[in-house]
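Colleague: So I've got this file, upload37.cif, and it contains mmCIF, C-alpha atoms and all ligand atoms:
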```cif
data_structure
loop_
_atom_site.label_atom_id
_atom_site.label_comp_id
_atom_site.auth_asym_id
_atom_site.auth_seq_id
_atom_site.Cartn_x
_atom_site.Cartn_y
_atom_site.Cartn_z
CA MET P 1 94.93 1.98 -26.99
CA THR P 2 95.26 -1.43 -25.41
CA ASP P 3 97.50 -2.41 -28.31
CA LEU P 4 99.37 0.73 -27.72
CA GLN P 5 99.89 -0.15 -24.08
CA ALA P 6 101.18 -3.59 -25.10
CA ALA P 7 103.69 -1.87 -27.34
CA TRP P 8 105.15 -0.14 -24.29
CA ARG P 9 105.55 -3.46 -22.52
CA ASP P 10 107.78 -5.06 -25.10
CA PRO P 11 110.53 -7.14 -23.44
CA GLU P 12 112.72 -6.89 -26.53
CA LEU P 13 112.54 -3.14 -26.47
CA ASP P 14 113.32 -3.24 -22.74
CA LYS P 15 116.46 -5.24 -23.43
CA HIS P 16 117.52 -2.88 -26.18
CA LEU P 17 117.14 0.07 -23.81
CA VAL P 18 118.99 -1.68 -20.98
CA ASP P 19 121.91 -2.27 -23.39
CA LEU P 20 121.90 1.42 -24.28
CA ILE P 21 121.76 2.39 -20.59
CA THR P 22 124.65 0.07 -19.74
CA GLN P 23 126.80 1.65 -22.43
CA ALA P 24 125.97 5.18 -21.33
CA ALA P 25 126.48 4.64 -17.59
CA ASP P 26 130.24 4.99 -17.42
CA ARG P 27 130.29 6.05 -13.75
CA PRO P 28 128.07 5.50 -10.71
CA ILE P 29 124.94 7.63 -11.01
CA LYS P 30 122.00 8.18 -8.70
CA LEU P 31 118.64 8.90 -10.30
CA MET P 32 115.59 9.81 -8.31
CA GLU P 33 111.99 9.31 -9.32
CA VAL P 34 109.51 11.69 -7.72
CA CYS P 35 106.21 10.11 -8.56
CA GLY P 36 104.43 7.36 -6.65
CA THR P 37 103.20 5.82 -9.88
CA HIS P 38 106.84 5.52 -11.03
CA THR P 39 107.76 3.97 -7.67
CA VAL P 40 105.15 1.28 -8.25
CA ALA P 41 106.06 0.76 -11.94
CA ILE P 42 109.77 0.36 -11.12
CA ALA P 43 109.05 -2.16 -8.36
CA ARG P 44 106.27 -4.01 -10.18
CA PHE P 45 108.18 -4.53 -13.44
CA GLY P 46 111.43 -5.29 -11.59
CA LEU P 47 113.24 -2.47 -13.38
CA ARG P 48 115.70 -1.95 -10.52
CA ASP P 49 117.06 -5.45 -11.11
CA LEU P 50 117.55 -4.73 -14.82
CA MET P 51 119.85 -1.80 -14.11
CA PRO P 52 123.61 -2.08 -14.56
CA PRO P 53 125.48 -1.85 -11.21
CA ASN P 54 126.43 1.76 -11.92
CA ILE P 55 122.85 3.00 -11.74
CA ALA P 56 120.98 3.47 -8.48
CA LEU P 57 117.27 4.24 -8.69
CA LEU P 58 116.03 6.12 -5.64
CA SER P 59 112.46 6.96 -4.73
CA GLY P 60 111.70 10.51 -3.64
CA PRO P 61 108.73 12.38 -2.18
CA GLY P 62 106.39 11.45 -5.04
CA CYS P 63 103.44 10.07 -3.13
CA PRO P 64 101.13 12.99 -2.22
CA VAL P 65 99.46 10.96 0.53
CA CYS P 66 102.84 10.09 2.08
CA VAL P 67 104.23 13.62 2.07
CA THR P 68 101.16 15.04 3.79
CA ALA P 69 102.31 16.23 7.21
CA ASN P 70 100.75 14.85 10.38
CA ARG P 71 99.64 18.38 11.26
CA ASP P 72 97.43 18.49 8.14
CA ILE P 73 95.96 15.02 8.68
CA ASP P 74 95.26 15.95 12.31
CA LEU P 75 93.42 19.06 11.13
CA ALA P 76 91.25 17.03 8.75
CA ILE P 77 90.46 14.60 11.57
CA GLU P 78 89.57 17.48 13.88
CA LEU P 79 87.14 18.76 11.24
CA THR P 80 85.23 15.46 11.32
CA HIS P 81 84.42 16.28 14.97
CA VAL P 82 82.64 19.50 14.05
CA ASP P 83 78.85 19.24 14.23
CA GLY P 84 77.23 18.72 10.84
CA VAL P 85 80.47 18.21 8.91
CA VAL P 86 80.76 15.54 6.22
CA LEU P 87 84.40 15.05 5.25
CA ALA P 88 84.90 13.82 1.70
CA THR P 89 88.22 12.75 0.25
CA PHE P 90 89.99 10.32 -2.09
CA GLY P 91 90.15 6.71 -0.91
CA ASP P 92 93.95 6.87 -0.57
CA MET P 93 93.67 9.22 2.39
CA MET P 94 91.48 7.04 4.58
CA LYS P 95 94.05 4.82 6.24
CA VAL P 96 96.85 7.35 6.56
CA PRO P 97 97.75 7.77 10.21
CA GLY P 98 97.98 11.24 11.70
CA SER P 99 99.46 11.82 15.14
CA TYR P 100 96.59 10.19 16.99
CA SER P 101 94.12 8.62 14.58
CA SER P 102 93.19 8.14 10.92
CA LEU P 103 90.09 9.09 8.93
CA GLN P 104 89.20 5.41 8.72
CA ARG P 105 89.28 5.06 12.48
CA GLU P 106 87.16 8.20 12.87
CA LYS P 107 84.63 6.77 10.40
CA ALA P 108 84.50 3.53 12.40
CA ASP P 109 83.84 5.70 15.47
CA GLY P 110 80.80 7.16 13.75
CA ARG P 111 82.13 10.35 12.13
CA ASP P 112 80.80 11.10 8.66
CA VAL P 113 83.74 10.48 6.33
CA ARG P 114 83.05 9.62 2.68
CA ILE P 115 85.21 8.51 -0.21
CA VAL P 116 84.65 10.21 -3.54
CA TYR P 117 86.16 9.46 -6.92
CA SER P 118 85.98 13.02 -8.20
CA PRO P 119 85.87 16.31 -6.27
CA LEU P 120 82.76 17.10 -8.34
CA ASP P 121 81.05 14.24 -6.49
CA ALA P 122 81.74 16.13 -3.25
CA VAL P 123 80.15 19.26 -4.74
CA GLN P 124 77.09 17.22 -5.66
CA LEU P 125 77.04 15.81 -2.13
CA ALA P 126 76.82 19.38 -0.80
CA ALA P 127 73.89 20.04 -3.15
CA ASP P 128 72.17 16.86 -1.95
CA LEU P 129 72.76 17.60 1.75
CA PRO P 130 71.85 21.29 2.16
CA ASP P 131 71.73 21.01 5.98
CA ARG P 132 75.25 19.65 6.24
CA GLN P 133 78.70 21.14 5.69
CA VAL P 134 80.65 19.15 3.11
CA VAL P 135 84.41 19.59 3.44
CA PHE P 136 86.63 18.15 0.73
CA LEU P 137 90.16 17.27 1.81
CA GLY P 138 92.18 18.29 -1.23
CA VAL P 139 95.40 16.31 -1.55
CA GLY P 140 97.65 15.93 -4.56
CA PHE P 141 100.15 17.58 -6.84
CA GLU P 142 99.62 19.67 -9.99
CA THR P 143 97.89 16.67 -11.61
CA THR P 144 95.02 16.86 -9.13
CA ALA P 145 94.88 20.56 -8.23
CA PRO P 146 93.01 21.63 -11.43
CA ALA P 147 90.16 19.22 -10.57
CA ILE P 148 89.88 20.72 -7.09
CA ALA P 149 89.99 24.23 -8.54
CA MET P 150 87.10 23.25 -10.84
CA ALA P 151 85.17 21.91 -7.84
CA ILE P 152 85.50 25.27 -6.06
CA LEU P 153 84.55 27.17 -9.23
CA THR P 154 81.53 24.89 -9.68
CA ALA P 155 80.41 25.35 -6.06
CA ALA P 156 80.79 29.12 -6.46
CA GLN P 157 78.80 29.09 -9.67
CA ARG P 158 76.04 26.97 -8.14
CA GLY P 159 75.98 29.18 -5.04
CA LEU P 160 76.69 26.26 -2.71
CA ASP P 161 77.83 27.79 0.54
CA ASN P 162 77.88 24.48 2.40
CA PHE P 163 80.87 23.23 0.38
CA SER P 164 84.49 23.99 1.24
CA VAL P 165 87.98 22.65 0.61
CA LEU P 166 90.84 22.00 3.01
CA SER P 167 93.75 22.45 0.62
CA VAL P 168 96.91 20.54 1.44
CA HIS P 169 97.99 20.48 -2.21
CA LYS P 170 101.66 20.63 -3.06
CA THR P 171 103.64 21.57 -6.13
CA VAL P 172 106.67 19.65 -7.32
CA PRO P 173 109.43 21.78 -8.93
CA LEU P 174 110.59 23.73 -5.86
CA ALA P 175 110.57 20.54 -3.79
CA LEU P 176 113.14 19.15 -6.21
CA GLU P 177 115.32 22.16 -5.47
CA ALA P 178 115.19 21.25 -1.77
CA LEU P 179 116.35 17.72 -2.67
CA VAL P 180 119.17 19.00 -4.88
CA ASN P 181 120.38 21.10 -1.97
CA ASP P 182 120.34 18.10 0.38
CA PRO P 183 123.99 17.01 0.81
CA GLU P 184 122.90 13.59 2.13
CA VAL P 185 121.35 12.56 -1.17
CA ALA P 186 123.50 13.99 -4.03
CA ILE P 187 121.18 13.24 -6.93
CA ASP P 188 122.61 13.14 -10.45
CA GLY P 189 119.30 13.33 -12.31
CA PHE P 190 115.53 13.30 -11.92
CA ILE P 191 112.99 10.98 -13.52
CA LEU P 192 110.27 13.63 -13.65
CA PRO P 193 106.64 12.77 -12.89
CA GLY P 194 104.65 12.10 -16.08
CA HIS P 195 101.23 13.38 -15.15
CA VAL P 196 102.39 16.35 -13.09
CA SER P 197 104.26 17.28 -16.27
CA THR P 198 101.07 16.76 -18.31
CA ILE P 199 99.80 19.86 -16.52
CA ILE P 200 102.92 21.99 -16.05
CA GLY P 201 105.00 20.94 -19.09
CA PRO P 202 108.82 20.79 -18.98
CA GLU P 203 109.45 24.52 -18.45
CA PRO P 204 109.07 24.82 -14.64
CA TYR P 205 111.93 22.31 -14.12
CA ARG P 206 114.35 24.18 -16.39
CA PHE P 207 116.04 25.96 -13.46
CA LEU P 208 117.28 22.61 -12.11
CA ALA P 209 119.36 22.10 -15.25
CA GLU P 210 120.43 25.71 -15.61
CA ARG P 211 121.17 26.63 -12.00
CA TYR P 212 122.19 23.26 -10.54
CA HIS P 213 123.29 21.37 -13.63
CA VAL P 214 120.96 18.49 -12.72
CA PRO P 215 119.18 16.97 -15.73
CA GLY P 216 115.58 15.74 -15.73
CA VAL P 217 113.45 13.65 -18.07
CA ALA P 218 109.66 13.53 -17.81
CA THR P 219 108.47 10.05 -18.59
CA GLY P 220 105.47 7.73 -18.56
CA PHE P 221 104.64 4.61 -16.61
CA GLU P 222 105.14 1.58 -18.83
CA PRO P 223 108.49 -0.23 -18.59
CA VAL P 224 109.64 1.13 -21.95
CA ASP P 225 108.77 4.67 -20.83
CA VAL P 226 110.77 4.41 -17.62
CA LEU P 227 113.75 2.77 -19.31
CA GLN P 228 113.73 5.37 -22.05
CA GLY P 229 113.78 8.07 -19.37
CA VAL P 230 116.69 6.40 -17.58
CA TRP P 231 118.57 6.07 -20.83
CA MET P 232 118.06 9.73 -21.76
CA LEU P 233 119.37 10.74 -18.32
CA ALA P 234 122.37 8.39 -18.51
CA LYS P 235 123.18 9.74 -21.94
CA GLN P 236 122.98 13.36 -20.82
CA LEU P 237 125.32 12.62 -17.92
CA HIS P 238 127.68 10.70 -20.20
CA GLU P 239 127.84 13.71 -22.49
CA GLY P 240 128.12 16.23 -19.67
CA ARG P 241 124.79 17.83 -20.55
CA ALA P 242 122.07 18.95 -18.16
CA GLU P 243 118.72 19.53 -19.84
CA ILE P 244 115.05 18.97 -19.20
CA GLU P 245 113.68 16.53 -21.76
CA VAL P 246 110.42 14.67 -22.33
CA ALA P 247 110.26 10.93 -23.00
CA TYR P 248 106.48 10.83 -22.76
CA ARG P 249 105.26 13.00 -25.56
CA ARG P 250 101.95 11.15 -25.82
CA GLY P 251 101.16 12.47 -22.33
CA VAL P 252 103.19 15.68 -22.05
CA SER P 253 103.09 18.49 -24.60
CA ALA P 254 105.66 21.27 -24.80
CA ASP P 255 103.38 23.69 -22.98
CA GLY P 256 101.63 21.23 -20.65
CA ASN P 257 97.92 21.95 -20.20
CA PRO P 258 97.48 25.76 -20.12
CA THR P 259 93.72 25.51 -19.41
CA ALA P 260 94.36 23.41 -16.32
CA ARG P 261 97.09 25.78 -15.14
CA ALA P 262 94.78 28.77 -15.62
CA ARG P 263 92.20 27.11 -13.33
CA ILE P 264 94.87 26.50 -10.66
CA ALA P 265 96.01 30.14 -10.88
CA GLU P 266 92.42 31.40 -10.73
CA VAL P 267 91.61 29.63 -7.47
CA PHE P 268 94.94 29.08 -5.71
CA GLU P 269 98.05 31.08 -4.88
CA PRO P 270 101.47 29.73 -3.86
CA SER P 271 101.98 29.29 -0.12
CA ASP P 272 104.42 27.56 2.20
CA ALA P 273 103.79 23.86 2.67
CA GLU P 274 105.04 21.31 5.16
CA TRP P 275 106.33 18.06 3.62
CA ARG P 276 106.77 14.98 5.75
CA GLY P 277 110.47 14.31 6.20
CA ILE P 278 111.58 17.51 4.48
CA GLY P 279 109.86 20.25 6.49
CA VAL P 280 108.42 23.52 5.24
CA ILE P 281 109.32 24.35 1.64
CA PRO P 282 108.39 27.93 0.74
CA GLY P 283 106.15 28.33 -2.29
CA THR P 284 105.22 24.64 -2.67
CA GLY P 285 101.70 24.86 -1.24
CA LEU P 286 98.48 25.98 -2.90
CA ALA P 287 96.37 28.21 -0.66
CA ILE P 288 92.87 29.23 -1.71
CA ARG P 289 92.85 32.85 -2.93
CA PRO P 290 91.02 35.48 -0.83
CA GLU P 291 88.38 35.81 -3.61
CA PHE P 292 87.35 32.23 -2.82
CA ALA P 293 87.74 32.49 0.97
CA ALA P 294 84.07 31.48 1.36
CA TRP P 295 85.02 27.97 0.17
CA ASP P 296 88.18 27.68 2.28
CA ALA P 297 87.62 25.17 5.09
CA ALA P 298 90.73 26.42 6.91
CA LEU P 299 88.99 29.79 7.32
CA ARG P 300 85.42 28.61 7.73
CA PHE P 301 86.04 26.37 10.72
CA ASP P 302 87.89 27.49 13.80
CA VAL P 303 89.50 24.26 14.95
CA THR P 304 92.91 23.63 16.46
CA PRO P 305 94.14 20.05 16.62
CA PRO P 306 96.47 19.01 19.44
CA PRO P 307 100.20 19.46 18.70
CA PRO P 308 101.42 16.88 16.16
CA LYS P 309 103.77 14.06 17.06
CA GLU P 310 105.76 11.63 14.96
CA ILE P 311 105.14 7.90 14.71
CA PRO P 312 107.77 6.15 16.89
CA GLY P 313 110.30 4.14 14.88
CA CYS P 314 108.87 5.05 11.47
CA GLN P 315 111.48 6.35 9.03
CA CYS P 316 109.04 7.32 6.31
CA GLY P 317 110.45 10.88 6.34
CA GLU P 318 113.97 9.62 5.53
CA VAL P 319 112.56 7.21 2.95
CA LEU P 320 110.79 10.12 1.23
CA ARG P 321 114.09 12.00 0.92
CA GLY P 322 115.82 8.98 -0.59
CA VAL P 323 118.23 8.83 2.37
CA THR P 324 116.93 5.53 3.73
CA LEU P 325 115.69 2.58 1.70
CA PRO P 326 112.42 1.06 2.94
CA PHE P 327 113.98 -2.24 4.01
CA GLU P 328 116.55 -0.36 6.07
CA CYS P 329 113.75 0.60 8.46
CA LYS P 330 113.78 -1.81 11.41
CA LEU P 331 110.00 -2.17 11.29
CA PHE P 332 109.81 -2.97 7.54
CA GLY P 333 108.18 -6.34 6.92
CA ARG P 334 108.13 -7.10 10.64
CA ALA P 335 105.90 -4.78 12.65
CA CYS P 336 105.01 -2.83 9.49
CA THR P 337 103.33 -4.54 6.51
CA PRO P 338 100.54 -3.48 4.11
CA GLU P 339 98.09 -5.45 6.28
CA HIS P 340 99.30 -3.73 9.47
CA PRO P 341 100.90 -0.51 8.26
CA ILE P 342 102.61 1.76 10.78
CA GLY P 343 103.62 4.70 8.62
CA PRO P 344 102.15 6.44 5.55
CA CYS P 345 104.83 5.01 3.22
CA MET P 346 103.37 1.54 3.89
CA VAL P 347 99.72 2.65 4.04
CA SER P 348 99.54 4.22 0.60
CA SER P 349 99.67 1.74 -2.27
CA GLU P 350 102.06 4.19 -3.94
CA GLY P 351 104.30 4.55 -0.93
CA SER P 352 107.87 3.33 -1.32
CA CYS P 353 107.61 0.91 1.59
CA ALA P 354 104.42 -0.66 0.19
CA ALA P 355 105.92 -0.92 -3.31
CA TYR P 356 109.09 -2.59 -2.00
CA TYR P 357 107.09 -4.94 0.18
CA ARG P 358 104.62 -6.01 -2.48
CA TYR P 359 106.89 -6.44 -5.45
CA THR P 360 110.40 -7.24 -4.24
CA ASP P 361 112.05 -9.47 -1.71
CA TYR P 362 114.60 -6.93 -0.53
CA GLY P 363 115.17 -7.03 3.20
CA ARG P 364 113.62 -10.48 3.60
CA MET E 1 97.74 9.02 -6.91
CA CYS E 2 98.79 10.89 -10.03
CA LEU E 3 97.73 7.99 -12.21
CA ALA E 4 95.75 9.01 -15.28
CA ILE E 5 93.95 6.42 -17.36
CA PRO E 6 93.45 6.52 -21.13
CA ALA E 7 89.85 6.63 -22.28
CA ARG E 8 87.94 7.44 -25.46
CA VAL E 9 85.26 10.15 -25.58
CA VAL E 10 81.97 8.51 -26.61
CA LEU E 11 79.33 11.17 -26.13
CA MET E 12 79.49 14.87 -25.33
CA ASN E 13 76.82 16.08 -22.90
CA GLU E 14 75.97 19.55 -21.65
CA ASN E 15 78.07 21.49 -19.12
CA GLN E 16 81.29 20.14 -20.64
CA MET E 17 80.50 16.69 -19.29
CA ALA E 18 81.04 13.63 -21.46
CA GLU E 19 80.69 9.88 -21.44
CA VAL E 20 83.99 8.11 -21.94
CA ASP E 21 84.89 4.49 -22.47
CA ILE E 22 87.61 3.09 -20.20
CA HIS E 23 88.40 -0.46 -21.28
CA GLY E 24 84.71 -1.14 -21.94
CA VAL E 25 83.41 0.67 -18.85
CA THR E 26 81.41 3.86 -19.38
CA ARG E 27 82.07 6.76 -17.07
CA THR E 28 80.95 10.38 -16.96
CA VAL E 29 83.81 12.85 -16.74
CA SER E 30 84.35 16.56 -17.17
CA LEU E 31 86.09 17.88 -20.29
CA SER E 32 86.37 21.39 -18.84
CA LEU E 33 90.19 21.12 -18.65
CA THR E 34 90.56 19.85 -22.23
CA PRO E 35 88.56 22.21 -24.47
CA ASP E 36 90.01 20.53 -27.59
CA ALA E 37 88.58 17.09 -26.80
CA GLU E 38 85.80 15.90 -29.11
CA THR E 39 83.84 12.71 -29.73
CA GLY E 40 86.35 9.99 -30.57
CA SER E 41 89.34 11.71 -28.88
CA TRP E 42 91.65 9.70 -26.66
CA VAL E 43 92.03 11.49 -23.33
CA LEU E 44 93.82 10.86 -20.03
CA ILE E 45 91.39 10.75 -17.09
CA HIS E 46 92.31 11.79 -13.54
CA ALA E 47 89.90 12.36 -10.63
CA GLY E 48 86.88 12.61 -12.92
CA PHE E 49 88.48 15.05 -15.35
CA ALA E 50 90.14 14.67 -18.73
CA ILE E 51 93.55 16.31 -18.25
CA GLN E 52 95.10 15.72 -21.68
CA VAL E 53 94.11 14.85 -25.23
CA VAL E 54 96.44 12.05 -26.38
CA ASP E 55 97.84 12.08 -29.88
CA GLU E 56 97.68 8.40 -30.79
CA GLU E 57 99.74 8.70 -33.95
CA PHE E 58 102.44 10.44 -32.02
CA ALA E 59 102.57 7.59 -29.52
CA LYS E 60 103.12 4.96 -32.20
CA GLU E 61 105.65 7.09 -33.98
CA SER E 62 107.92 7.61 -30.98
CA TRP E 63 107.75 3.91 -30.17
CA GLU E 64 108.94 3.11 -33.70
CA LEU E 65 111.76 5.58 -33.19
CA ILE E 66 113.05 3.93 -30.03
CA LYS E 67 113.40 0.64 -31.84
CA GLN E 68 115.71 2.30 -34.32
CA ILE E 69 118.05 4.03 -31.86
CA GLU E 70 121.66 3.00 -32.05
CA TRP E 71 124.07 4.05 -29.35
CA VAL E 72 126.51 5.94 -31.60
CA ASP E 73 124.04 8.21 -33.29
CA GLY E 74 121.18 7.84 -30.82
CA ASP E 75 119.94 11.31 -30.12
CA PRO E 76 117.39 11.55 -27.30
CA ALA E 77 116.13 14.81 -28.73
CA GLU E 78 115.15 12.92 -31.85
CA VAL E 79 113.26 10.34 -29.85
CA SER E 80 111.19 12.91 -28.11
CA ALA E 81 110.80 15.22 -31.11
S1 LIG Q 401 108.45 0.31 6.87
FE1 LIG Q 401 106.68 1.21 7.94
S2 LIG Q 401 107.54 2.06 9.80
FE2 LIG Q 401 109.27 1.72 8.40
S3 LIG Q 401 109.51 3.65 7.28
FE3 LIG Q 401 108.14 2.37 6.07
S4 LIG Q 401 106.10 3.02 6.74
FE4 LIG Q 401 107.51 3.73 8.33
#
```
Turn this file's structure into structure tokens for me.
Modeller:
Amino acid sequence: MTDLQAAWRDPELDKHLVDLITQAADRPIKLMEVCGTHTVAIARFGLRDLMPPNIALLSGPGCPVCVTANRDIDLAIELTHVDGVVLATFGDMMKVPGSYSSLQREKADGRDVRIVYSPLDAVQLAADLPDRQVVFLGVGFETTAPAIAMAILTAAQRGLDNFSVLSVHKTVPLALEALVNDPEVAIDGFILPGHVSTIIGPEPYRFLAERYHVPGVATGFEPVDVLQGVWMLAKQLHEGRAEIEVAYRRGVSADGNPTARARIAEVFEPSDAEWRGIGVIPGTGLAIRPEFAAWDAALRFDVTPPPPKEIPGCQCGEVLRGVTLPFECKLFGRACTPEHPIGPCMVSSEGSCAAYYRYTDYGR
Amino acid sequence: MCLAIPARVVLMNENQMAEVDIHGVTRTVSLSLTPDAETGSWVLIHAGFAIQVVDEEFAKESWELIKQIEWVDGDPAEVSA
């Protein structure tokens, strides 16, 4: 597999694809990637600089940590103040600032906040600490939601009533509709997230092509993958087509992963969700179904955080919509750096601001 | 955050758990989302779960195809087929 990975980092193949892209891009086109891992790959491999002048690569709301609304982070922080609560979450969430604090700061202040690699580790933690209440902060898109669903099913099966989940999960396709309808952005095509598509397959994006005539290509994370995706989009636009295609067949099958989707559907139901920078998008949240209410932290604990407020001067919301480029923020690289991040787009390693700062010299 | 890492299934345990090899590091993950995975399968790992069984042959094949694309008759559908 390592050989295989090397094959997808072949500079000659890159050049071949860039030639193809240059020929296909006969007018200015704006492509948006909606996956934090793509944001990093594009910055890290310098793919933006390889593009012909006609092609603009924008970053969208693809970093689950970044799009989490302050209100939701504030709620998680409030839960750490409840007697007996252990809050477990993925490492990415620790440093993200809410309105008033971050989980990391709360941990430093003595609250019990723990990083887990898998949500099953949080279930085990609940089994090991029967006198405590373990709350897992569930963040992530369709890629991650099946794992959290399995954690709830496992806790239910093991009869662990001291485990619960605060679900701030989000789903991607309807968020793309919100972006298509945003007159400030005017996107010509989407580079679709590879591992979200691993779960949902190409079908749920089809409406974008059919209703809005915006094409999409699901692709992987090596340079060749991304360039192939860009080329397939440029070619569709050149030919006046709008279809949903897959450039990452080793990771995305025609039907996605039906088992994983069945687990999501068993435990969660669609709900409204608030996205940083975009606002509430109906149907893009995953609420825990009433059958599993016993494991829903939002119902188990009666806490109300203070009203949320925005971070002064941070334009992360605009960055997430592709309206503002990271280096256009006045704080970028000055007050706000990965060492001293001000907003979530710089805190998360997959945030657009962090990716631009680490791998490019734009704005400096 | 949606990164998934390729790994090979080394040993199947009970409760749909398995030991996988990730670049020489052994890790225990759940195969409950990939019922088709077996010993020797390549899988993509995310948050302690295998989320996809990878078809290795398929990967090589599509890579070979890209090399052969010419602009005039390059058909993206063929690449991804
Ligand atoms: S550079 Fe920092 S302050 Fe500016 S938008 Fe990005 S995260 Fe916010």
Colleague: Which residues form the shell of 6 Å around ligand LIG 401 (chain Q) when you count all atoms listed in the file, given as a list in words?
Modeller: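 Checking all atoms listed in the file against ligand LIG 401 (chain Q) at 6 Å gives Cys314, Gln315, Cys316, Pro326, Cys329, Leu331, Phe332, Cys336, Ile342, Gly343, Pro344, Cys345, Met346 and Cys353 of chain P.
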Colleague: Since we have the selection now, will you write its residues out, keeping C-alpha atoms, as a PDB file, in the frame of the given file?
Modeller:
```pdb
ATOM      1  CA  CYS P 314     108.870   5.050  11.470  1.00  0.00           C
ATOM      2  CA  GLN P 315     111.480   6.350   9.030  1.00  0.00           C
ATOM      3  CA  CYS P 316     109.040   7.320   6.310  1.00  0.00           C
ATOM      4  CA  PRO P 326     112.420   1.060   2.940  1.00  0.00           C
ATOM      5  CA  CYS P 329     113.750   0.600   8.460  1.00  0.00           C
ATOM      6  CA  LEU P 331     110.000  -2.170  11.290  1.00  0.00           C
ATOM      7  CA  PHE P 332     109.810  -2.970   7.540  1.00  0.00           C
ATOM      8  CA  CYS P 336     105.010  -2.830   9.490  1.00  0.00           C
ATOM      9  CA  ILE P 342     102.610   1.760  10.780  1.00  0.00           C
ATOM     10  CA  GLY P 343     103.620   4.700   8.620  1.00  0.00           C
ATOM     11  CA  PRO P 344     102.150   6.440   5.550  1.00  0.00           C
ATOM     12  CA  CYS P 345     104.830   5.010   3.220  1.00  0.00           C
ATOM     13  CA  MET P 346     103.370   1.540   3.890  1.00  0.00           C
ATOM     14  CA  CYS P 353     107.610   0.910   1.590  1.00  0.00           C
TER      15      CYS P 353
END
```
Colleague: Would you give me, as a PyMOL selection string, the residues of chain P that come within 8 Å of chain E, using all atoms listed in the file?
Modeller: chain P and resi 1+4+7-8+13+16+20+23+35-37+63-65+92+117-120+140-141+143-144+146-147+195-196+198-199+232+245-251+257+259-260+350
Colleague: Ranking P:Ala76, P:Leu137, P:Ala218, P:Ile187 by minimum distance to P:Gly201 and counting all atoms listed in the file, which one comes first?
Modeller: P:Ala218
Colleague: Near P:Ile21, within 8 Å and counting all atoms listed in the file, which residues show up once chain neighbours fewer than 2 positions away are dropped, as a VMD selection string?
Modeller: chain P and resid 17 to 19 23 to 25 51 to 52 230 to 231 234 to 235
Colleague: Would you mind listing what lies within 8 Å of P:Ala88 as a PyMOL selection string, with all atoms listed in the file counted and same-chain residues fewer than 5 positions away left out?
Modeller: chain P and resi 113-116+122+134-137
Colleague: Please, what distance in Å, to one decimal, runs between atom CA of P:Phe190 and atom CA of P:Ile42?
Modeller: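 Distance between the two atoms: 14.2 Å.
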Colleague: Ranking P:Phe268, P:Trp275, P:Phe327, P:Tyr362 by minimum distance to P:Leu166 and counting only C-alpha atoms, which one comes first?
Modeller: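 Of P:Phe268, P:Trp275, P:Phe327, P:Tyr362, the one nearest P:Leu166 is P:Phe268, counting only C-alpha atoms.
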Colleague: Identify the residues around (83.8, 8.8, 7.5) within a radius of 12 Å, measuring from only C-alpha atoms in the coordinates stated by the file, and give them as a PyMOL selection string.
Modeller: chain P and resi 76-77+79-81+85-91+93-95+102-116+134-136
Colleague: Could you work out an axis-aligned bounding box for all listed atoms of stretch 10-26 of chain E, with 5 Å added on each of the six sides, and give its centre and edge lengths in Å to one decimal, as JSON?
Modeller:
```
{"center_x": 82.2, "center_y": 10.2, "center_z": -22.7, "size_x": 22.4, "size_y": 32.6, "size_z": 17.8}
```
Colleague: Mind giving me the straight-line distance from atom CA of P:Glu243 to atom CA of P:His213 in Å, one decimal?
Modeller: 7.9 Å
Colleague: Find the distance between atom CA of P:Arg211 and atom CA of P:His238 and write it in Å to one decimal.
Modeller: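 Answer for the atom CA of P:Arg211 to atom CA of P:His238 separation: 19.1 Å.
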Colleague: May I have the residues within 9 Å of E:Gly40 as a tab-separated table (two decimals) with C-alpha atoms, in the coordinates of the input, using all atoms listed in the file and disregarding those fewer than 5 positions away in the same chain?
Modeller:
```tsv
chain	number	residue	atom	x	y	z
E	8	ARG	CA	87.94	7.44	-25.46
E	9	VAL	CA	85.26	10.15	-25.58
E	10	VAL	CA	81.97	8.51	-26.61
E	11	LEU	CA	79.33	11.17	-26.13
```
Colleague: Env of P:Gly98: 10 Å cut, atoms = only C-alpha atoms, seq-sep filter 5 positions within chain, self excluded. Answer as a ChimeraX atom specification.
Modeller: /P:68-77,103,308-311,343-344
Colleague: Taking all atoms listed in the file into account, which of P:Val303, P:Ala209, P:Val96, P:Val165 comes nearest P:Ile152?
Modeller: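 Ranked by minimum distance to P:Ile152, first place goes to P:Val165.
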